[in-house]
file run-v6.cif (mmCIF, C-alpha atoms and all ligand atoms)
data_data
loop_
_atom_site.label_atom_id
_atom_site.label_comp_id
_atom_site.auth_asym_id
_atom_site.auth_seq_id
_atom_site.Cartn_x
_atom_site.Cartn_y
_atom_site.Cartn_z
CA MET D 1 -80.27 -65.51 10.93
CA LYS D 2 -82.76 -65.98 13.75
CA ARG D 3 -86.05 -64.17 13.72
CA ILE D 4 -88.28 -63.26 16.67
CA ALA D 5 -91.84 -62.05 16.14
CA ILE D 6 -93.79 -60.15 18.77
CA ASP D 7 -97.24 -60.64 17.33
CA PRO D 8 -99.50 -58.99 18.13
CA ILE D 9 -98.08 -56.10 20.10
CA SER D 10 -100.48 -55.48 22.93
CA ARG D 11 -102.00 -52.94 25.34
CA LEU D 12 -102.67 -50.37 22.67
CA GLU D 13 -105.44 -49.56 20.20
CA GLY D 14 -104.79 -51.10 16.82
CA HIS D 15 -102.79 -53.87 15.27
CA GLY D 16 -99.05 -54.10 15.13
CA LYS D 17 -96.21 -56.59 15.08
CA ILE D 18 -92.50 -56.32 15.75
CA THR D 19 -90.04 -58.49 13.87
CA ILE D 20 -86.51 -58.72 15.28
CA PHE D 21 -83.60 -60.24 13.34
CA LEU D 22 -80.69 -61.72 15.32
CA ASN D 23 -77.25 -62.46 13.85
CA GLU D 24 -75.08 -65.56 14.44
CA GLU D 25 -73.88 -64.17 17.79
CA GLY D 26 -77.45 -63.59 18.92
CA ALA D 27 -77.17 -59.82 18.73
CA VAL D 28 -79.91 -57.72 17.17
CA GLU D 29 -79.15 -56.98 13.52
CA ASN D 30 -82.35 -55.10 12.84
CA ALA D 31 -85.91 -54.69 14.10
CA TYR D 32 -89.07 -53.60 12.31
CA LEU D 33 -92.40 -52.32 13.59
CA GLN D 34 -95.15 -53.14 11.13
CA ILE D 35 -98.75 -51.99 11.10
CA PRO D 36 -100.73 -54.72 9.36
CA GLU D 37 -104.11 -52.98 9.37
CA LEU D 38 -105.88 -50.45 7.17
CA ARG D 39 -109.57 -49.59 7.02
CA GLY D 40 -109.57 -46.67 4.60
CA PHE D 41 -111.54 -43.90 6.34
CA GLU D 42 -109.61 -41.40 4.18
CA LYS D 43 -111.49 -42.78 1.20
CA PHE D 44 -114.96 -43.59 2.43
CA VAL D 45 -115.61 -40.27 4.19
CA GLU D 46 -115.17 -38.44 0.87
CA GLY D 47 -118.43 -36.73 -0.02
CA LEU D 48 -120.11 -37.69 3.26
CA PRO D 49 -122.64 -35.03 4.37
CA VAL D 50 -120.79 -32.80 6.81
CA GLU D 51 -123.32 -33.22 9.61
CA GLU D 52 -122.70 -36.98 9.54
CA ILE D 53 -118.90 -36.72 9.82
CA PRO D 54 -118.72 -36.58 13.66
CA ARG D 55 -120.36 -39.93 14.17
CA VAL D 56 -118.47 -41.65 11.40
CA VAL D 57 -114.93 -40.55 12.26
CA THR D 58 -115.50 -41.40 15.92
CA ARG D 59 -115.21 -44.99 14.68
CA ILE D 60 -111.55 -44.44 13.75
CA CYS D 61 -110.58 -45.06 17.37
CA GLY D 62 -112.95 -45.94 20.18
CA VAL D 63 -110.39 -45.90 22.96
CA MET O 1 -116.16 -73.70 36.93
CA LYS O 2 -114.58 -70.52 35.68
CA LEU O 3 -115.09 -69.71 32.01
CA LYS O 4 -112.15 -69.47 29.65
CA ILE O 5 -112.63 -66.65 27.18
CA GLY O 6 -110.71 -64.84 24.47
CA ILE O 7 -111.40 -61.31 23.25
CA TYR O 8 -110.15 -60.27 19.84
CA TRP O 9 -110.58 -57.60 17.19
CA GLY O 10 -110.41 -57.61 13.41
CA ALA O 11 -111.06 -54.39 11.47
CA ALA O 12 -112.26 -52.54 14.55
CA CYS O 13 -111.74 -49.33 16.50
CA GLY O 14 -111.33 -50.72 20.01
CA GLY O 15 -114.69 -49.27 21.06
CA CYS O 16 -116.14 -52.71 21.75
CA ASP O 17 -113.19 -53.49 24.02
CA VAL O 18 -113.69 -50.21 25.81
CA ALA O 19 -117.39 -51.03 26.17
CA ILE O 20 -116.30 -54.15 28.10
CA LEU O 21 -114.07 -52.00 30.32
CA ASP O 22 -116.95 -49.53 30.73
CA THR O 23 -118.79 -52.09 32.81
CA HIS O 24 -116.75 -50.35 35.56
CA GLU O 25 -117.01 -52.15 38.91
CA LYS O 26 -118.82 -55.04 37.21
CA LEU O 27 -115.47 -55.79 35.59
CA LEU O 28 -114.53 -57.39 38.90
CA GLU O 29 -117.54 -59.70 38.57
CA ILE O 30 -116.46 -60.52 35.02
CA ALA O 31 -113.02 -61.37 36.40
CA ASP O 32 -114.71 -63.74 38.88
CA MET O 33 -116.77 -65.26 36.09
CA ALA O 34 -114.04 -65.76 33.51
CA ASP O 35 -110.32 -66.07 32.94
CA ILE O 36 -109.15 -64.26 29.84
CA TYR O 37 -106.68 -66.02 27.53
CA LEU O 38 -106.35 -63.42 24.77
CA TRP O 39 -107.15 -59.70 24.78
CA PRO O 40 -104.66 -57.60 22.77
CA ILE O 41 -105.92 -54.23 23.98
CA ALA O 42 -105.37 -55.09 27.63
CA MET O 43 -103.22 -58.21 28.02
CA ASP O 44 -99.99 -59.61 26.59
CA PHE O 45 -100.99 -62.99 25.14
CA LYS O 46 -99.63 -63.66 21.63
CA TYR O 47 -100.97 -65.60 18.64
CA SER O 48 -98.45 -68.33 19.49
CA ASP O 49 -100.26 -68.83 22.85
CA VAL O 50 -103.54 -69.33 21.00
CA ARG O 51 -101.98 -71.72 18.47
CA ALA O 52 -100.71 -73.83 21.37
CA MET O 53 -104.22 -74.34 22.80
CA LYS O 54 -106.18 -77.52 22.22
CA ASP O 55 -109.14 -77.09 19.88
CA GLY O 56 -112.27 -76.08 21.81
CA TYR O 57 -110.14 -74.97 24.77
CA LEU O 58 -111.92 -71.63 25.14
CA ASP O 59 -115.57 -71.55 26.21
CA ALA O 60 -116.19 -68.39 24.21
CA VAL O 61 -114.47 -65.88 21.99
CA LEU O 62 -115.82 -62.35 21.69
CA PHE O 63 -114.74 -61.16 18.24
CA SER O 64 -115.21 -57.50 17.36
CA GLY O 65 -114.40 -55.92 14.02
CA GLY O 66 -114.96 -57.03 10.48
CA VAL O 67 -112.72 -59.12 8.25
CA ARG O 68 -110.69 -56.71 6.14
CA ASN O 69 -107.46 -58.57 5.45
CA SER O 70 -105.92 -62.03 5.43
CA GLU O 71 -104.72 -61.71 9.02
CA ASN O 72 -108.24 -60.98 10.29
CA GLU O 73 -109.47 -64.07 8.46
CA GLU O 74 -106.62 -66.30 9.62
CA ILE O 75 -107.09 -65.34 13.28
CA ALA O 76 -110.89 -65.61 13.01
CA LYS O 77 -110.48 -69.18 11.74
CA LEU O 78 -107.89 -69.98 14.40
CA LEU O 79 -110.14 -68.66 17.19
CA ARG O 80 -113.15 -70.48 15.72
CA ARG O 81 -111.26 -73.75 16.17
CA LYS O 82 -110.26 -72.90 19.72
CA ALA O 83 -113.69 -71.69 20.86
CA LYS O 84 -116.79 -73.62 21.84
CA ALA O 85 -118.89 -70.49 21.17
CA MET O 86 -117.90 -67.85 18.64
CA ILE O 87 -119.60 -64.56 19.44
CA ALA O 88 -119.70 -61.60 17.06
CA LEU O 89 -119.33 -58.52 19.26
CA GLY O 90 -120.59 -55.25 17.83
CA ALA O 91 -121.76 -53.88 14.51
CA CYS O 92 -118.47 -54.38 12.63
CA ALA O 93 -118.31 -58.11 13.33
CA GLN O 94 -122.05 -58.53 12.79
CA LEU O 95 -122.60 -56.27 9.76
CA GLY O 96 -119.23 -54.86 8.66
CA GLY O 97 -119.96 -51.63 10.53
CA VAL O 98 -118.65 -48.23 9.51
CA PRO O 99 -115.40 -49.72 8.06
CA GLY O 100 -117.63 -51.75 5.74
CA LEU O 101 -118.36 -48.50 3.88
CA ALA O 102 -115.01 -49.11 2.15
CA ASN O 103 -117.01 -51.56 0.00
CA MET O 104 -118.15 -48.48 -1.94
CA TYR O 105 -114.67 -48.52 -3.48
CA THR O 106 -112.14 -50.99 -4.78
CA ARG O 107 -109.05 -52.00 -2.84
CA GLU O 108 -106.89 -50.01 -5.28
CA GLU O 109 -108.98 -46.84 -4.85
CA VAL O 110 -108.61 -47.12 -1.07
CA LEU O 111 -104.86 -47.74 -1.22
CA ARG O 112 -104.27 -44.91 -3.68
CA ARG O 113 -106.19 -42.39 -1.61
CA VAL O 114 -104.56 -43.38 1.68
CA TYR O 115 -100.94 -43.79 0.58
CA LEU O 116 -100.62 -41.41 -2.35
CA GLU O 117 -103.36 -38.81 -2.61
CA SER O 118 -104.54 -37.76 0.84
CA GLU O 119 -103.80 -34.14 1.77
CA SER O 120 -101.78 -35.18 4.81
CA THR O 121 -99.68 -37.85 3.08
CA THR O 122 -96.06 -37.24 2.13
CA ASN O 123 -94.82 -40.25 0.19
CA GLU O 124 -92.40 -39.02 -2.46
CA LYS O 125 -91.17 -42.49 -3.34
CA GLY O 126 -94.74 -43.75 -3.69
CA ILE O 127 -94.17 -46.61 -1.24
CA MET O 128 -97.18 -48.92 -0.96
CA PRO O 129 -97.78 -51.75 1.54
CA LEU O 130 -96.60 -55.08 0.10
CA GLU O 131 -97.47 -58.59 1.19
CA SER O 132 -93.80 -59.45 1.06
CA SER O 133 -90.85 -57.14 0.73
CA LYS O 134 -87.11 -56.99 1.31
CA GLU O 135 -85.80 -54.17 3.49
CA ASP O 136 -81.97 -54.03 3.60
CA GLY O 137 -81.93 -57.75 2.88
CA PHE O 138 -84.51 -58.64 5.55
CA ASP O 139 -87.70 -60.40 4.47
CA LEU O 140 -90.89 -58.80 5.79
CA GLU O 141 -94.52 -59.79 5.37
CA LEU O 142 -97.84 -57.99 5.72
CA PRO O 143 -101.38 -59.38 5.44
CA ARG O 144 -103.24 -58.97 2.18
CA LEU O 145 -105.79 -56.14 2.20
CA TYR O 146 -109.00 -57.58 0.74
CA ASN O 147 -111.04 -55.89 -1.94
CA THR O 148 -114.17 -56.56 0.11
CA VAL O 149 -114.80 -56.02 3.83
CA LYS O 150 -116.57 -59.10 5.18
CA THR O 151 -118.64 -59.75 8.25
CA LEU O 152 -117.46 -62.39 10.70
CA ASN O 153 -120.15 -64.88 9.68
CA GLN O 154 -119.05 -64.59 6.06
CA VAL O 155 -115.78 -66.32 6.99
CA VAL O 156 -116.53 -68.51 10.03
CA ASP O 157 -119.53 -70.09 11.71
CA VAL O 158 -120.86 -67.61 14.31
CA ASP O 159 -122.86 -68.93 17.27
CA TYR O 160 -124.17 -65.69 18.80
CA THR O 161 -124.22 -61.97 18.12
CA ILE O 162 -124.09 -59.04 20.54
CA PRO O 163 -125.04 -56.02 18.42
CA GLY O 164 -124.24 -52.32 18.72
CA CYS O 165 -121.66 -49.70 17.89
CA PRO O 166 -120.52 -50.12 20.51
CA PRO O 167 -122.72 -52.60 22.38
CA ALA O 168 -124.09 -51.06 25.58
CA SER O 169 -121.77 -52.14 28.39
CA LEU O 170 -124.50 -53.62 30.58
CA GLN O 171 -125.71 -55.65 27.60
CA ILE O 172 -122.24 -57.21 27.24
CA TYR O 173 -122.24 -57.93 30.96
CA SER O 174 -125.63 -59.63 30.78
CA ALA O 175 -124.59 -61.63 27.70
CA LEU O 176 -121.50 -62.89 29.57
CA GLY O 177 -123.86 -63.89 32.39
CA LEU O 178 -125.81 -66.04 29.93
CA ILE O 179 -122.61 -67.90 29.01
CA ALA O 180 -121.53 -68.31 32.64
CA ASP O 181 -124.97 -69.59 33.71
CA ASP O 182 -125.24 -71.89 30.69
CA MET O 183 -128.42 -70.09 29.67
CA LEU O 184 -127.54 -69.33 26.05
CA PRO O 185 -130.54 -69.43 23.68
CA LYS O 186 -130.55 -71.35 20.44
CA LYS O 187 -127.51 -71.04 18.21
CA GLY O 188 -127.66 -68.09 15.86
CA SER O 189 -129.51 -65.85 18.32
CA VAL O 190 -128.81 -62.22 19.00
CA ILE O 191 -128.05 -61.76 22.70
CA GLY O 192 -127.64 -58.62 24.79
CA ALA O 193 -130.35 -56.70 22.91
CA GLY O 194 -134.10 -56.39 22.54
CA ASP O 195 -136.31 -58.22 20.07
CA ARG O 196 -138.43 -55.28 18.97
CA ALA O 197 -137.73 -52.20 16.87
CA LEU O 198 -136.06 -49.20 18.49
CA CYS O 199 -139.27 -47.17 17.89
CA ASP O 200 -141.02 -49.41 20.44
CA GLU O 201 -138.74 -48.26 23.23
CA CYS O 202 -138.16 -44.69 22.01
CA ALA O 203 -139.76 -42.07 24.25
CA ARG O 204 -140.53 -39.59 21.45
CA LYS O 205 -144.23 -39.07 20.70
CA LYS O 206 -145.52 -40.94 17.70
CA GLY O 207 -148.55 -39.87 15.69
CA GLU O 208 -149.63 -40.21 12.07
CA LYS O 209 -146.55 -39.97 9.87
CA THR O 210 -147.09 -38.14 6.58
CA ILE O 211 -143.72 -36.89 5.47
CA THR O 212 -143.76 -34.23 2.78
CA ARG O 213 -140.12 -33.17 2.94
CA ILE O 214 -136.84 -34.69 4.12
CA TYR O 215 -134.69 -32.48 6.33
CA ARG O 216 -130.99 -32.68 7.09
CA THR O 217 -130.22 -32.12 10.77
CA HIS O 218 -128.88 -28.59 10.25
CA GLU O 219 -131.88 -27.46 8.22
CA LYS O 220 -134.29 -27.02 11.11
CA LEU O 221 -134.39 -27.48 14.85
CA PRO O 222 -136.32 -30.61 15.77
CA ASP O 223 -138.96 -30.19 18.43
CA ALA O 224 -138.15 -31.80 21.75
CA GLU O 225 -140.86 -34.42 21.91
CA THR O 226 -142.01 -35.58 18.50
CA CYS O 227 -140.59 -38.54 16.59
CA PHE O 228 -137.72 -37.44 14.33
CA LEU O 229 -139.08 -39.28 11.34
CA GLU O 230 -142.44 -37.56 11.67
CA GLN O 231 -140.59 -34.23 11.50
CA GLY O 232 -138.86 -35.28 8.28
CA PHE O 233 -135.46 -36.30 9.71
CA ILE O 234 -134.27 -39.73 8.59
CA CYS O 235 -134.22 -41.95 11.66
CA LEU O 236 -133.46 -45.66 11.34
CA GLY O 237 -135.50 -46.59 14.42
CA PRO O 238 -138.18 -48.56 12.49
CA ALA O 239 -135.51 -50.83 10.94
CA THR O 240 -133.24 -51.16 13.98
CA ARG O 241 -133.22 -53.59 16.88
CA SER O 242 -133.84 -52.11 20.31
CA GLY O 243 -131.38 -52.51 23.16
CA CYS O 244 -129.14 -49.46 22.90
CA GLY O 245 -131.13 -47.48 25.42
CA SER O 246 -132.01 -44.87 22.75
CA ARG O 247 -128.69 -43.19 23.41
CA CYS O 248 -128.63 -41.20 20.14
CA ILE O 249 -132.29 -40.23 20.38
CA LYS O 250 -131.74 -38.97 23.92
CA SER O 251 -128.89 -36.84 22.55
CA TRP O 252 -131.26 -35.26 20.00
CA THR O 253 -129.75 -37.30 17.19
CA PRO O 254 -131.73 -39.57 14.87
CA CYS O 255 -130.72 -43.25 14.84
CA ARG O 256 -128.33 -44.58 12.21
CA GLY O 257 -128.99 -48.23 12.93
CA CYS O 258 -125.95 -49.55 14.80
CA TYR O 259 -127.98 -52.27 16.57
CA GLY O 260 -128.66 -53.87 13.22
CA PRO O 261 -131.79 -55.46 11.78
CA LEU O 262 -134.46 -57.40 13.60
CA ASP O 263 -134.68 -61.18 13.30
CA ASP O 264 -135.62 -62.39 9.83
CA VAL O 265 -134.64 -59.12 8.13
CA SER O 266 -131.74 -59.75 5.81
CA ASP O 267 -131.13 -56.17 4.68
CA GLN O 268 -131.56 -53.40 7.24
CA GLY O 269 -131.05 -50.54 4.77
CA ILE O 270 -133.67 -51.76 2.35
CA LYS O 271 -136.05 -52.41 5.24
CA MET O 272 -135.60 -48.75 6.18
CA VAL O 273 -136.25 -47.52 2.64
CA SER O 274 -139.48 -49.47 2.61
CA ALA O 275 -140.44 -48.15 6.08
CA LEU O 276 -139.74 -44.62 4.88
CA ALA O 277 -141.75 -45.00 1.70
CA SER O 278 -144.73 -46.17 3.76
CA VAL O 279 -144.81 -43.04 5.95
CA MET O 280 -144.59 -40.49 3.16
CA GLU O 281 -147.51 -38.35 2.20
CA PRO O 282 -147.18 -39.07 -1.52
CA LYS O 283 -148.70 -42.42 -2.44
CA GLU O 284 -147.92 -42.59 -6.17
CA GLU O 285 -144.70 -44.42 -7.00
CA LYS O 286 -143.25 -41.54 -8.98
CA ASP O 287 -143.94 -39.02 -6.20
CA ILE O 288 -142.48 -41.38 -3.60
CA ASN O 289 -139.38 -41.77 -5.73
CA ALA O 290 -139.10 -37.99 -6.17
CA LEU O 291 -139.16 -37.51 -2.38
CA LEU O 292 -136.73 -40.40 -1.82
CA ASP O 293 -134.39 -38.76 -4.33
CA THR O 294 -134.04 -35.80 -1.97
CA VAL O 295 -132.26 -37.98 0.62
CA VAL O 296 -128.61 -36.95 0.46
CA ASP O 297 -126.17 -39.84 0.40
CA PRO O 298 -128.75 -42.64 0.74
CA LEU O 299 -126.23 -45.49 0.72
CA ARG O 300 -124.27 -44.23 3.72
CA THR O 301 -127.50 -43.22 5.47
CA PHE O 302 -129.52 -46.42 5.12
CA HIS O 303 -126.54 -48.79 5.21
CA ARG O 304 -124.34 -46.82 7.60
CA PHE O 305 -123.41 -49.93 9.57
CA SER O 306 -124.62 -52.74 7.36
CA LEU O 307 -123.27 -52.35 3.82
CA ALA O 308 -120.96 -55.39 4.03
CA SER O 309 -123.86 -57.60 5.14
CA SER O 310 -126.44 -56.19 2.72
CA ILE O 311 -127.55 -57.63 -0.59
CA LEU O 312 -125.68 -54.74 -2.23
CA ARG O 313 -122.49 -55.82 -0.43
CA ARG O 314 -120.01 -53.79 -2.50
CA LYS O 315 -119.32 -51.70 -5.56
CA LYS O 316 -119.13 -53.81 -8.68
CA ALA O 317 -115.53 -54.60 -9.49
S1 LIG L 401 -138.32 -43.12 14.06
FE1 LIG L 401 -136.69 -42.57 15.52
S2 LIG L 401 -137.53 -40.85 16.70
FE2 LIG L 401 -139.25 -41.86 15.68
S3 LIG L 401 -140.04 -43.33 17.17
FE3 LIG L 401 -138.57 -44.43 15.88
S4 LIG L 401 -136.61 -44.28 16.97
FE4 LIG L 401 -138.00 -42.72 17.87
S1 LIG L 402 -129.92 -44.90 18.44
FE1 LIG L 402 -129.35 -46.22 16.69
S2 LIG L 402 -127.24 -45.54 16.09
FE2 LIG L 402 -127.67 -44.75 18.19
S3 LIG L 402 -126.84 -46.28 19.62
FE3 LIG L 402 -129.05 -46.79 19.29
S4 LIG L 402 -129.04 -48.28 17.54
FE4 LIG L 402 -127.03 -47.23 17.55
#
call {"tool": "encode", "arguments": {"input": "run-v6.cif", "output": "structure tokens"}}
result
Amino acid sequence: MKRIAIDPISRLEGHGKITIFLNEEGAVENAYLQIPELRGFEKFVEGLPVEEIPRVVTRICGV
Amino acid sequence: MKLKIGIYWGAACGGCDVAILDTHEKLLEIADMADIYLWPIAMDFKYSDVRAMKDGYLDAVLFSGGVRNSENEEIAKLLRRKAKAMIALGACAQLGGVPGLANMYTREEVLRRVYLESESTTNEKGIMPLESSKEDGFDLELPRLYNTVKTLNQVVDVDYTIPGCPPASLQIYSALGLIADDMLPKKGSVIGAGDRALCDECARKKGEKTITRIYRTHEKLPDAETCFLEQGFICLGPATRSGCGSRCIKSWTPCRGCYGPLDDVSDQGIKMVSALASVMEPKEEKDINALLDTVVDPLRTFHRFSLASSILRRKKA
């Protein structure tokens, strides 16, 4: 089985890769989009003073 | 000769990339100055293109974002080999930045919250990201999420740093000019920023500071002209490098320190605690401590952008 990786996927905010599996005839057997990144805002904003939230969560995406 | 540059991001938000784009019409001058050989947010080059380059092929790499997983580290090391100058772009690469606050928790606590416990997560089978897995017989790999967010210079040798969250666009433009004109200062320098504290360029009026009470921003309206710190609002100006253009201060918001520490200061947050203690009215240690104790959430206030680079670094395992 042949494998093609599109890594990284581009022209978007964030990290991603696409892995495509080809069978013996060269046809696509399956393809996966994977998101290899995680920062964990869901955890580290817990308990943050509410007035500070706006300028912390703006760092989730700056685009 | 035209520069060859690469622009990349680790654990980032894309804001540093947008700050480059926000140079607006100067972007055309940047395009005259440099050819870009990697820039995921805007161009289609792949890691395989970078791997195919000779070592030292690129004149400079601008690397934003911290090092959060094995992919960030692998690409940082790859780009280090390909670049004559490795430049940390922005607070996350320099100090860990806001994502560095994850160092308050362990990797497992972060994963559990995100994939199992968060209010907006539906994950009945309890599926967690795996470094290698088999889906319908197909082998798939993901990078390893590290327990500790690292700064760029904790994994590779960094030649220069452009601070800020995000760096002011014109500062990035002027830093690129330094590379193009071969005017870079000595290795290890911060470029595209000032060399004094933010307070020195802040337009608010400064008098004698004798703080008797700490205020949160919703607890009283600050007056329009006086230094925030003098009015009892925590402002990181004394411990923060100038160069941002006082953008938060001008928006009636006390500084949280995104431009990082001044030269020769290893821990910005602790520098701020000491600056704060010195402008309080109480002079006895126990009274100073009592007033400091009224700061809500000191860790994420004093080390908002710099926890991963601080001497505290992370929660004990
Ligand atoms: S503490 Fe803040 S408000 Fe006061 S002078 Fe410094 S930067 Fe300006
Ligand atoms: S005032 Fe402070 S937090 Fe705001 S942009 Fe300037 S250095 Fe960053």
call {"tool": "closest_residue", "arguments": {"input": "run-v6.cif", "among": "O:Arg304, O:Ala317, O:Met280, O:Gly237", "to": "ligand LIG 401 (chain L)", "atoms": "all atoms listed in the file"}}
result
O:Gly237
call {"tool": "atom_distance", "arguments": {"input": "run-v6.cif", "atom1": "CA of Ile36 (chain O)", "atom2": "CA of Gly177 (chain O)"}}
result
14.9 Å
call {"tool": "atom_distance", "arguments": {"input": "run-v6.cif", "atom1": "CA of Lys2 (chain D)", "atom2": "CA of Glu24 (chain D)"}}
result
7.7 Å
call {"tool": "residues_around", "arguments": {"input": "run-v6.cif", "residues": "Asp139 (chain O)", "least_positions_apart": "5", "cutoff": "10 Å", "atoms": "all atoms listed in the file", "output": "list in words"}}
result
Thr19 and Phe21 of chain D; Ser132, Ser133 and Lys134 of chain O
call {"tool": "interface_residues", "arguments": {"input": "run-v6.cif", "of": "chain D", "to": "chain O", "cutoff": "9 Å", "atoms": "all atoms listed in the file", "output": "NGL selection string"}}
result
:D and (6-15 or 19 or 21 or 30 or 32 or 34-45 or 47-49 or 51-52 or 56-63)
call {"tool": "residues_near_ligand", "arguments": {"input": "run-v6.cif", "ligand": "ligand LIG 402 (chain L)", "cutoff": "8 Å", "atoms": "all atoms listed in the file", "output": "number ranges by chain"}}
result
O: 164-166, 198, 236-237, 240-249, 253-260
call {"tool": "residues_near_ligand", "arguments": {"input": "run-v6.cif", "ligand": "ligand LIG 401 (chain L)", "cutoff": "8 Å", "atoms": "only C-alpha atoms and all ligand atoms", "output": "number ranges by chain"}}
result
O: 197-206, 226-230, 234-238, 246, 249, 254-255
call {"tool": "axis_aligned_box", "arguments": {"input": "run-v6.cif", "around": "region 274-280 of chain O", "padding_each_side": "4 Å", "output": "JSON"}}
result
{"center_x": -142.1, "center_y": -45.0, "center_z": 3.9, "size_x": 13.3, "size_y": 17.0, "size_z": 12.4}
call {"tool": "atom_distance", "arguments": {"input": "run-v6.cif", "atom1": "CA of Ala308 (chain O)", "atom2": "CA of Lys150 (chain O)"}}
result
5.9 Å
call {"tool": "residues_around", "arguments": {"input": "run-v6.cif", "residues": "Arg213 (chain O)", "least_positions_apart": "3", "cutoff": "10 Å", "atoms": "all atoms listed in the file", "output": "ChimeraX atom specification"}}
result
/O:210,231-233,280-281,291-292,294-295
call {"tool": "build_atoms", "arguments": {"input": "run-v6.cif", "residues": "region 181-193 of chain O", "atoms": "N, CA and C atoms", "output": "CSV table (one decimal), in the frame of the given file"}}
result
chain,number,residue,atom,x,y,z
O,181,ASP,N,-123.9,-68.8,33.1
O,181,ASP,CA,-125.0,-69.6,33.7
O,181,ASP,C,-125.5,-70.7,32.8
O,182,ASP,N,-124.8,-70.9,31.7
O,182,ASP,CA,-125.2,-71.9,30.7
O,182,ASP,C,-126.7,-71.7,30.3
O,183,MET,N,-127.0,-70.4,30.0
O,183,MET,CA,-128.4,-70.1,29.7
O,183,MET,C,-128.5,-69.6,28.2
O,184,LEU,N,-127.5,-69.9,27.4
O,184,LEU,CA,-127.5,-69.3,26.0
O,184,LEU,C,-128.7,-69.9,25.3
O,185,PRO,N,-129.4,-69.0,24.5
O,185,PRO,CA,-130.5,-69.4,23.7
O,185,PRO,C,-130.1,-70.2,22.5
O,186,LYS,N,-131.0,-70.5,21.5
O,186,LYS,CA,-130.6,-71.4,20.4
O,186,LYS,C,-129.5,-70.7,19.6
O,187,LYS,N,-128.6,-71.5,19.0
O,187,LYS,CA,-127.5,-71.0,18.2
O,187,LYS,C,-128.0,-70.1,17.1
O,188,GLY,N,-127.3,-69.1,16.9
O,188,GLY,CA,-127.7,-68.1,15.9
O,188,GLY,C,-128.4,-66.9,16.4
O,189,SER,N,-128.7,-66.9,17.7
O,189,SER,CA,-129.5,-65.8,18.3
O,189,SER,C,-128.7,-64.6,18.5
O,190,VAL,N,-129.4,-63.5,18.5
O,190,VAL,CA,-128.8,-62.2,19.0
O,190,VAL,C,-129.0,-62.2,20.5
O,191,ILE,N,-127.9,-61.9,21.2
O,191,ILE,CA,-128.0,-61.8,22.7
O,191,ILE,C,-127.6,-60.4,23.1
O,192,GLY,N,-128.0,-60.0,24.3
O,192,GLY,CA,-127.6,-58.6,24.8
O,192,GLY,C,-128.3,-57.5,24.0
O,193,ALA,N,-129.6,-57.7,23.6
O,193,ALA,CA,-130.4,-56.7,22.9
O,193,ALA,C,-131.8,-57.0,23.0
